[in-house]
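Read through the structure below, which is laid out as structure tokens, and then see the notes.
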Amino acid sequence: MNTTSEAQRWNAHYAEGRGIQPLSKAEIRIVRDTLAPPKGPKEPQALEVCCGTGDLARLLDELGYVVDAVDYAQAAIDRAEAASGPGITYHCADVALGDLPALACRGGFDLITVRRSLAHLPDRTRIVAELADLLRPGGQLCVITPHADRFPQDLRGICLDDDEIAMLTDGWEHTERLEAEDSTVVVLRGPVGQAASYREKRPPKTAAMAGVAVVITNAFGQVLLGWNPQRGVWELPAGKVEPGEAFEATAVRELQEETGLRADPDQVLLLGTVCDDSHGLTRVTEIARLTCYDGEPEVREPGLIARWEWHTPFGLRSLPQPLFTPTAQALNIVWPGLLPHLPDAHHTPRPAGRTRLRFGEPPAAARLRKSLVRDLTDAGWTNTPELRRAFTDVPRHAFLPEQPLSRAYVNEAVPTVTTDSGQSLSSVSQPEMQAVMLARGGLREGGHALEIGGGGYNAALMAELVGPCGTVVCVEFDPYVYRRTVRFLEETGYAGRVHVVLGDGAHGAPEKLVPASGFDTILVTVAANDIPAPWMEQLAEGGRLVAPLRLGGYTHCVALAKYGSVLRSTEVSVCGFVPMQGIGRWDDTPVAIGQSGYGIRWEDTPPEPIDGLGQALEGVTVEQWTGVTVAGDESYENLQLWLAASLPGFCQLTTDHDRPGPVRMPGNQDAAAMVTGRSLACLTVRRIEYNEDSGQSRWEFGAQAFGPDATAAADTVATAVHAWDRGVRPHGAPNLTILPAARQGEQLPSGTYLDKRHARVLLHFPKAPTAS
């Protein structure tokens, strides 16, 4: 159904003074008895969908609701507003185009009504799911529909039958059905939000096990699925391969036979073959991807498919009805990670094809993207026109298909791969942090850039900044993240602008992809504990390397410029990233201090013996408070770095923060600490001021120590804090110089060094006094 032409037809209908059937006495009675507003401190909110001239909206207003009402016919809105009071706000919007989330500005609705219109909506399963997302806890969705058994055959298109009404109730905890003359009233409460499920149909014929599944999306990024009522599954357009027929030809033939949509075989992108087991037989399904077509879907084989609907990919994760298993497998090939817990199948991917897909997205995505860019710009992160354009153009949600739109455009990192314990191994980074790194990397039109770490979104931003004449190479270690990166770049049109390599990023880019003069920019989007030699070698003279670098156990976003054989920092700030994998991975497992529940983590410092520290923690505690304070919202990351560089035996003290113990740990963080002999001292804080009106607080730094030399150890930490406060704090982060790993007999500049395997890091704190 073309909703634009339908909207024009209904607009003319209302403009001529016509309407829809008025509310019956039975409907009014049911609404008054069943849909009374909830009592409580919040104003009851109601939304009427497809409101027409506003009869039901006015009844809800009379009952005490604050009402939003929406229709896609402006003439209906005009008539409704003229007849209504101030308690109703009318919106002209097409609910089929994904505009519903924009109406949730009041925090959700207690009641949503859809009267005599659900049968007219082309994708009612998706739309009902979107409406459910707008309900407040305890809210209810009321659907009033003409019943098919009470109308002649030629009017069945405006009705729902018992099977369709039963399907409507899937995925709700509580359902109530009432009859109102020629209509049925369905009241739904408690959307379950269940996980996607998958179902087979029947044992296939042994002579026809090879087929093609067509994943076709429209201009709004929605995928076409058909409802098979006999088998109770949603499925893609699909069919058997005829003898001698190419997969592309099968795809367009089956698509036209089943849906009436017409496509060119040259526009079909084949993504590879899925082999799985069905009733003891090997089933082979070729996945065909298609975005260019003509026509509107229609039911051409009613014995197999009752109706076709366009579905939002994310919405399939909580589809109330099952997906046909090969359909689910195909969808997960197109959007890796979209559907969880699929039955096992083997996918043989095809090499990247030349066919370019047309990207589609709902209008809400563009609005959310612009809103994110406004927030980033107001905060000073996207501070150039080039950065603002890149973040406006690149669709972040396309690289997070398993997340709702609202989550995809929040200014925070979103994990995409996690361990069983919940540790993130891969993520789409926080947009704010990406803007910082891109700005520090100095990407420019026509430049050559390398990204260490995948996912696709950051690489697409880099491609926008270097433009069509520039080059971007992305190296990803994890095969799953690599597949996601390749697919999502292909889906969004960046496949030809980013060369993705499966490999260990510590080795840099393959030699054949390194520009003759080196990369102008290297962005490392995973936390690195070292600067491998290939990164320095592949960086052009004067080029920028931006990396989340571990220094003393703390991660800092370091921007470095290359001068001959050394790198010098231009900017340093604290950050957080998932750890590097492969040969660049480091072991940060703490060494347990006996049975105390505490552990020591050593990074960049030779480990000291910790014998006797367990006994020390059971003894007398020495505390020394410094009088040095910070505000509750004030950053002090350069203090941690100063301590890592200046304290002998520096380490981090770890513990289970829910476990009581003698150490006053700083919030939920590890504590900066030092080991000296059989004694241990650590940095701690205490709150000394709190303003309840403003919520502002002030904290004082102190030292806490244990063991026979506790007093001296506490004094060493406290002295370092005073030194930081006098000379380091006013000047911010230190300057860094990265040199190749130490060579025997080499004369080095004086300063504080953190030695890595491949590099030496010289830290220079301007005007810093001695910590002793």
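Chain lettering (A, B, ...) mirrors the order of the structure tokens, residue numbering begins at 1 for each chain separately, and ligand numbering begins at 1 in order of display.
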
Quick one: residues within 10 Å of Asp658 of chain A, only C-alpha atoms, excluding same-chain residues fewer than 3 positions away - as a ChimeraX atom specification? /A:655,661,668

Using DSSP on the backbone coordinates, identify all residues within segment 502-578 of chain A classified as strand (DSSP E); present the result as a VMD selection string. chain A and resid 502 519 to 524 539 to 551 554 to 563 566 to 574

Residues at most 10 Å from Tyr753 of chain A, counting only C-alpha atoms, excluding those fewer than 4 positions away in the same chain, as a PDB file with all heavy atoms, in the first residue's frame?
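Output file around.pdb follows:
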```
ATOM      1  N   ASP A 604      53.571  -1.425  33.636  1.00  0.00           N
ATOM      2  CA  ASP A 604      54.666  -0.471  33.394  1.00  0.00           C
ATOM      3  C   ASP A 604      55.606  -0.327  34.594  1.00  0.00           C
ATOM      4  O   ASP A 604      56.438   0.584  34.614  1.00  0.00           O
ATOM      5  CB  ASP A 604      54.122   0.918  33.009  1.00  0.00           C
ATOM      6  CG  ASP A 604      53.276   0.870  31.749  1.00  0.00           C
ATOM      7  OD1 ASP A 604      53.516  -0.009  30.912  1.00  0.00           O
ATOM      8  OD2 ASP A 604      52.359   1.703  31.629  1.00  0.00           O
ATOM      9  N   ALA A 645      54.018   7.863  37.543  1.00  0.00           N
ATOM     10  CA  ALA A 645      55.370   8.220  37.088  1.00  0.00           C
ATOM     11  C   ALA A 645      56.322   8.500  38.241  1.00  0.00           C
ATOM     12  O   ALA A 645      57.543   8.363  38.085  1.00  0.00           O
ATOM     13  CB  ALA A 645      55.285   9.446  36.178  1.00  0.00           C
ATOM     14  N   SER A 646      55.797   8.888  39.406  1.00  0.00           N
ATOM     15  CA  SER A 646      56.687   9.388  40.460  1.00  0.00           C
ATOM     16  C   SER A 646      56.817   8.467  41.668  1.00  0.00           C
ATOM     17  O   SER A 646      57.790   8.598  42.421  1.00  0.00           O
ATOM     18  CB  SER A 646      56.198  10.761  40.933  1.00  0.00           C
ATOM     19  OG  SER A 646      54.880  10.674  41.459  1.00  0.00           O
ATOM     20  N   LEU A 736      54.186  13.933  26.211  1.00  0.00           N
ATOM     21  CA  LEU A 736      54.740  12.601  26.011  1.00  0.00           C
ATOM     22  C   LEU A 736      55.657  12.599  24.796  1.00  0.00           C
ATOM     23  O   LEU A 736      55.366  13.250  23.785  1.00  0.00           O
ATOM     24  CB  LEU A 736      53.635  11.570  25.793  1.00  0.00           C
ATOM     25  CG  LEU A 736      52.524  11.459  26.836  1.00  0.00           C
ATOM     26  CD1 LEU A 736      51.560  10.347  26.449  1.00  0.00           C
ATOM     27  CD2 LEU A 736      53.099  11.208  28.205  1.00  0.00           C
ATOM     28  N   THR A 737      56.733  11.848  24.904  1.00  0.00           N
ATOM     29  CA  THR A 737      57.585  11.563  23.757  1.00  0.00           C
ATOM     30  C   THR A 737      57.725  10.054  23.661  1.00  0.00           C
ATOM     31  O   THR A 737      58.093   9.399  24.643  1.00  0.00           O
ATOM     32  CB  THR A 737      58.974  12.205  23.904  1.00  0.00           C
ATOM     33  OG1 THR A 737      58.825  13.622  24.047  1.00  0.00           O
ATOM     34  CG2 THR A 737      59.838  11.917  22.691  1.00  0.00           C
ATOM     35  N   ILE A 738      57.394   9.504  22.501  1.00  0.00           N
ATOM     36  CA  ILE A 738      57.473   8.067  22.286  1.00  0.00           C
ATOM     37  C   ILE A 738      58.711   7.777  21.448  1.00  0.00           C
ATOM     38  O   ILE A 738      58.850   8.285  20.330  1.00  0.00           O
ATOM     39  CB  ILE A 738      56.226   7.527  21.568  1.00  0.00           C
ATOM     40  CG1 ILE A 738      54.946   8.035  22.221  1.00  0.00           C
ATOM     41  CG2 ILE A 738      56.255   6.001  21.505  1.00  0.00           C
ATOM     42  CD1 ILE A 738      54.673   7.499  23.594  1.00  0.00           C
ATOM     43  N   LEU A 748      69.778   8.617  26.483  1.00  0.00           N
ATOM     44  CA  LEU A 748      68.401   9.104  26.406  1.00  0.00           C
ATOM     45  C   LEU A 748      68.266  10.428  27.138  1.00  0.00           C
ATOM     46  O   LEU A 748      69.019  10.706  28.088  1.00  0.00           O
ATOM     47  CB  LEU A 748      67.443   8.082  27.022  1.00  0.00           C
ATOM     48  CG  LEU A 748      67.334   6.731  26.311  1.00  0.00           C
ATOM     49  CD1 LEU A 748      66.508   5.769  27.147  1.00  0.00           C
ATOM     50  CD2 LEU A 748      66.717   6.899  24.927  1.00  0.00           C
ATOM     51  N   PRO A 749      67.328  11.261  26.725  1.00  0.00           N
ATOM     52  CA  PRO A 749      67.075  12.495  27.467  1.00  0.00           C
ATOM     53  C   PRO A 749      66.662  12.166  28.898  1.00  0.00           C
ATOM     54  O   PRO A 749      66.097  11.111  29.176  1.00  0.00           O
ATOM     55  CB  PRO A 749      65.919  13.148  26.688  1.00  0.00           C
ATOM     56  CG  PRO A 749      65.924  12.484  25.350  1.00  0.00           C
ATOM     57  CD  PRO A 749      66.451  11.104  25.561  1.00  0.00           C
ATOM     58  N   ARG A 760      59.518   3.328  24.372  1.00  0.00           N
ATOM     59  CA  ARG A 760      59.757   3.975  25.659  1.00  0.00           C
ATOM     60  C   ARG A 760      58.944   5.258  25.671  1.00  0.00           C
ATOM     61  O   ARG A 760      58.956   6.042  24.712  1.00  0.00           O
ATOM     62  CB  ARG A 760      61.236   4.312  25.851  1.00  0.00           C
ATOM     63  CG  ARG A 760      62.167   3.133  25.735  1.00  0.00           C
ATOM     64  CD  ARG A 760      63.526   3.434  26.316  1.00  0.00           C
ATOM     65  NE  ARG A 760      63.483   3.398  27.781  1.00  0.00           N
ATOM     66  CZ  ARG A 760      64.580   3.491  28.543  1.00  0.00           C
ATOM     67  NH1 ARG A 760      65.769   3.668  27.986  1.00  0.00           N
ATOM     68  NH2 ARG A 760      64.496   3.427  29.857  1.00  0.00           N
ATOM     69  N   VAL A 761      58.239   5.476  26.771  1.00  0.00           N
ATOM     70  CA  VAL A 761      57.378   6.647  26.891  1.00  0.00           C
ATOM     71  C   VAL A 761      58.011   7.609  27.892  1.00  0.00           C
ATOM     72  O   VAL A 761      58.138   7.291  29.087  1.00  0.00           O
ATOM     73  CB  VAL A 761      55.959   6.256  27.350  1.00  0.00           C
ATOM     74  CG1 VAL A 761      55.062   7.488  27.406  1.00  0.00           C
ATOM     75  CG2 VAL A 761      55.367   5.203  26.417  1.00  0.00           C
ATOM     76  N   LEU A 762      58.440   8.773  27.412  1.00  0.00           N
ATOM     77  CA  LEU A 762      58.999   9.818  28.266  1.00  0.00           C
ATOM     78  C   LEU A 762      57.866  10.760  28.659  1.00  0.00           C
ATOM     79  O   LEU A 762      57.184  11.337  27.808  1.00  0.00           O
ATOM     80  CB  LEU A 762      60.090  10.586  27.521  1.00  0.00           C
ATOM     81  CG  LEU A 762      60.610  11.873  28.193  1.00  0.00           C
ATOM     82  CD1 LEU A 762      61.248  11.561  29.538  1.00  0.00           C
ATOM     83  CD2 LEU A 762      61.593  12.580  27.264  1.00  0.00           C
ATOM     84  N   LEU A 763      57.648  10.907  29.966  1.00  0.00           N
ATOM     85  CA  LEU A 763      56.627  11.809  30.482  1.00  0.00           C
ATOM     86  C   LEU A 763      57.288  13.065  31.023  1.00  0.00           C
ATOM     87  O   LEU A 763      58.201  12.990  31.856  1.00  0.00           O
ATOM     88  CB  LEU A 763      55.819  11.144  31.607  1.00  0.00           C
ATOM     89  CG  LEU A 763      54.965   9.939  31.213  1.00  0.00           C
ATOM     90  CD1 LEU A 763      55.749   8.642  31.367  1.00  0.00           C
ATOM     91  CD2 LEU A 763      53.696   9.888  32.048  1.00  0.00           C
ATOM     92  N   HIS A 764      56.831  14.207  30.553  1.00  0.00           N
ATOM     93  CA  HIS A 764      57.383  15.487  31.006  1.00  0.00           C
ATOM     94  C   HIS A 764      56.245  16.324  31.578  1.00  0.00           C
ATOM     95  O   HIS A 764      55.321  16.715  30.858  1.00  0.00           O
ATOM     96  CB  HIS A 764      58.055  16.236  29.853  1.00  0.00           C
ATOM     97  CG  HIS A 764      58.512  17.610  30.234  1.00  0.00           C
ATOM     98  ND1 HIS A 764      59.491  17.833  31.175  1.00  0.00           N
ATOM     99  CD2 HIS A 764      58.114  18.835  29.800  1.00  0.00           C
ATOM    100  CE1 HIS A 764      59.682  19.132  31.306  1.00  0.00           C
ATOM    101  NE2 HIS A 764      58.860  19.759  30.486  1.00  0.00           N
TER     102      HIS A 764
END
```

I'd like to know which residues of segment 10-179 of chain A are alpha helix (DSSP H) (by DSSP, run on the backbone); could you write them as a VMD selection string? chain A and resid 10 to 15 25 to 34 55 to 63 74 to 83 124 to 133 162 to 168

Compare A:Pro468, A:Pro609, A:Gly751, A:Gly244 by their minimum atom-to-atom distance to Val498 of chain A, counting only C-alpha atoms, and give me the closest one. A:Pro468

Return as JSON lines the residues of segment 130-205 of chain A lying at most 8 Å from segment 24-48 of chain A, together with the closest atom-to-atom pair for each and the distance in Å to one decimal, counting only C-alpha atoms, with rows in chain order and ascending residue number.
```
{"residue": "A:Leu178", "atom": "CA", "partner": "A:Ile30", "partner_atom": "CA", "distance": 7.9}
{"residue": "A:Ala180", "atom": "CA", "partner": "A:Ala26", "partner_atom": "CA", "distance": 5.1}
{"residue": "A:Glu181", "atom": "CA", "partner": "A:Ala26", "partner_atom": "CA", "distance": 6.8}
```

Using only C-alpha atoms for the distances, tell me which of A:His174, A:Arg358, A:Arg231, A:Arg136 is nearest to Ile216 of chain A. A:Arg358

Would you pick out the contacts of Met580 of chain A at 10 Å or less, using only C-alpha atoms, so that residues sharing its chain but fewer than 2 positions from it are not included, and give the list as a list in words?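 Close residues of Met580 of chain A: Leu425, Ser426, Ile452, Gly453, Phe477, Asp504, Gly505, Ala506, Val524, Thr525, Val526, Ala527, Ala528, Asn529, Pro548, Phe577, Val578, Gly582, Ile583, Gly584, Arg585 and Trp586 of chain A.
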
Same residues, C-alpha atoms, saved as an mmCIF file, in the first residue's frame:
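Written file, out-v6.cif:
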```
data_model
loop_
_atom_site.group_PDB
_atom_site.id
_atom_site.type_symbol
_atom_site.label_atom_id
_atom_site.label_comp_id
_atom_site.auth_asym_id
_atom_site.auth_seq_id
_atom_site.Cartn_x
_atom_site.Cartn_y
_atom_site.Cartn_z
ATOM 1 C CA LEU A 425 35.182 -6.938 23.860
ATOM 2 C CA SER A 426 33.897 -4.725 21.059
ATOM 3 C CA ILE A 452 42.977 -0.241 14.075
ATOM 4 C CA GLY A 453 39.741 -1.869 15.266
ATOM 5 C CA PHE A 477 41.069 -8.929 14.605
ATOM 6 C CA ASP A 504 46.031 -8.385 13.851
ATOM 7 C CA GLY A 505 46.120 -4.599 14.142
ATOM 8 C CA ALA A 506 49.455 -4.703 15.957
ATOM 9 C CA VAL A 524 43.472 3.185 17.167
ATOM 10 C CA THR A 525 39.978 2.470 18.502
ATOM 11 C CA VAL A 526 40.951 -0.189 21.043
ATOM 12 C CA ALA A 527 42.988 0.343 24.220
ATOM 13 C CA ALA A 528 46.659 -0.362 23.506
ATOM 14 C CA ASN A 529 49.378 -1.075 26.053
ATOM 15 C CA PRO A 548 43.900 5.053 23.749
ATOM 16 C CA PHE A 577 38.097 1.705 25.476
ATOM 17 C CA VAL A 578 37.759 -2.047 25.117
ATOM 18 C CA GLY A 582 45.783 -10.507 19.451
ATOM 19 C CA ILE A 583 49.479 -10.125 20.169
ATOM 20 C CA GLY A 584 48.872 -6.650 21.591
ATOM 21 C CA ARG A 585 46.656 -8.014 24.350
ATOM 22 C CA TRP A 586 47.986 -7.790 27.906
#
```

Restricting the calculation to only C-alpha atoms: of A:Ile127, A:Ala80, A:Ala705, A:Leu641, which residue gets closest to Val620 of chain A?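 Going through A:Ile127, A:Ala80, A:Ala705, A:Leu641 one by one, the smallest distance to Val620 of chain A is for A:Ala705.
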
How close does segment 579-650 of chain A get to segment 719-726 of chain A? List, as a Markdown table, each residue of segment 579-650 of chain A within 10 Å, its nearest atom pair and the distance in Å to one decimal, counting only C-alpha atoms.
```
| residue | atom | partner | partner_atom | distance |
| --- | --- | --- | --- | --- |
| A:Thr626 | CA | A:His722 | CA | 7.2 |
| A:Gly627 | CA | A:His722 | CA | 8.8 |
| A:Val628 | CA | A:Asp725 | CA | 7.1 |
| A:Thr629 | CA | A:Asp725 | CA | 9.1 |
| A:Asn638 | CA | A:Trp724 | CA | 8.7 |
| A:Leu639 | CA | A:Trp724 | CA | 6.5 |
| A:Gln640 | CA | A:Val721 | CA | 9.6 |
| A:Trp642 | CA | A:Trp724 | CA | 7.0 |
| A:Leu643 | CA | A:Ala720 | CA | 6.8 |
| A:Ser646 | CA | A:Ala720 | CA | 7.4 |
| A:Leu647 | CA | A:Ala720 | CA | 7.5 |
```

10 Å contact set for Arg388 of chain A, only C-alpha atoms, chain neighbours under 4 positions out, as a PyMOL selection string: chain A and resi 370+373-374+376-377+381-384+392-393+435

With N, CA, C and O atoms retained, could you export that selection as a JSON list (two decimals), in the first residue's frame?
```json
[["chain", "number", "residue", "atom", "x", "y", "z"],
["A", 370, "LYS", "N", 20.36, 14.41, 13.75],
["A", 370, "LYS", "CA", 20.54, 15.86, 13.83],
["A", 370, "LYS", "C", 20.53, 16.33, 15.28],
["A", 370, "LYS", "O", 21.29, 17.23, 15.66],
["A", 373, "VAL", "N", 23.90, 15.57, 16.76],
["A", 373, "VAL", "CA", 24.92, 16.52, 16.29],
["A", 373, "VAL", "C", 24.76, 17.86, 16.98],
["A", 373, "VAL", "O", 25.76, 18.51, 17.34],
["A", 374, "ARG", "N", 23.52, 18.29, 17.21],
["A", 374, "ARG", "CA", 23.31, 19.55, 17.95],
["A", 374, "ARG", "C", 23.90, 19.45, 19.36],
["A", 374, "ARG", "O", 24.56, 20.38, 19.83],
["A", 376, "LEU", "N", 26.31, 17.42, 20.39],
["A", 376, "LEU", "CA", 27.77, 17.37, 20.30],
["A", 376, "LEU", "C", 28.35, 18.74, 19.99],
["A", 376, "LEU", "O", 29.40, 19.13, 20.52],
["A", 377, "THR", "N", 27.66, 19.50, 19.15],
["A", 377, "THR", "CA", 28.14, 20.82, 18.77],
["A", 377, "THR", "C", 28.03, 21.79, 19.95],
["A", 377, "THR", "O", 28.95, 22.57, 20.23],
["A", 381, "TRP", "N", 32.20, 19.43, 20.86],
["A", 381, "TRP", "CA", 32.93, 18.28, 20.33],
["A", 381, "TRP", "C", 33.01, 18.30, 18.81],
["A", 381, "TRP", "O", 34.07, 18.06, 18.25],
["A", 382, "THR", "N", 31.89, 18.56, 18.13],
["A", 382, "THR", "CA", 31.93, 18.66, 16.66],
["A", 382, "THR", "C", 32.14, 20.13, 16.31],
["A", 382, "THR", "O", 31.19, 20.85, 16.00],
["A", 383, "ASN", "N", 33.38, 20.54, 16.38],
["A", 383, "ASN", "CA", 33.70, 21.97, 16.31],
["A", 383, "ASN", "C", 34.13, 22.44, 14.93],
["A", 383, "ASN", "O", 34.66, 23.53, 14.79],
["A", 384, "THR", "N", 33.94, 21.60, 13.90],
["A", 384, "THR", "CA", 34.23, 22.03, 12.52],
["A", 384, "THR", "C", 33.05, 21.64, 11.63],
["A", 384, "THR", "O", 32.32, 20.68, 11.93],
["A", 392, "THR", "N", 26.34, 14.00, 10.75],
["A", 392, "THR", "CA", 24.97, 14.14, 10.24],
["A", 392, "THR", "C", 24.69, 13.14, 9.14],
["A", 392, "THR", "O", 23.57, 12.63, 9.00],
["A", 393, "ASP", "N", 25.70, 12.81, 8.33],
["A", 393, "ASP", "CA", 25.49, 11.96, 7.16],
["A", 393, "ASP", "C", 25.56, 10.47, 7.47],
["A", 393, "ASP", "O", 24.87, 9.67, 6.83],
["A", 435, "ALA", "N", 34.42, 11.99, 18.09],
["A", 435, "ALA", "CA", 34.66, 13.34, 17.58],
["A", 435, "ALA", "C", 36.01, 13.87, 18.04],
["A", 435, "ALA", "O", 36.75, 14.51, 17.28]]
```
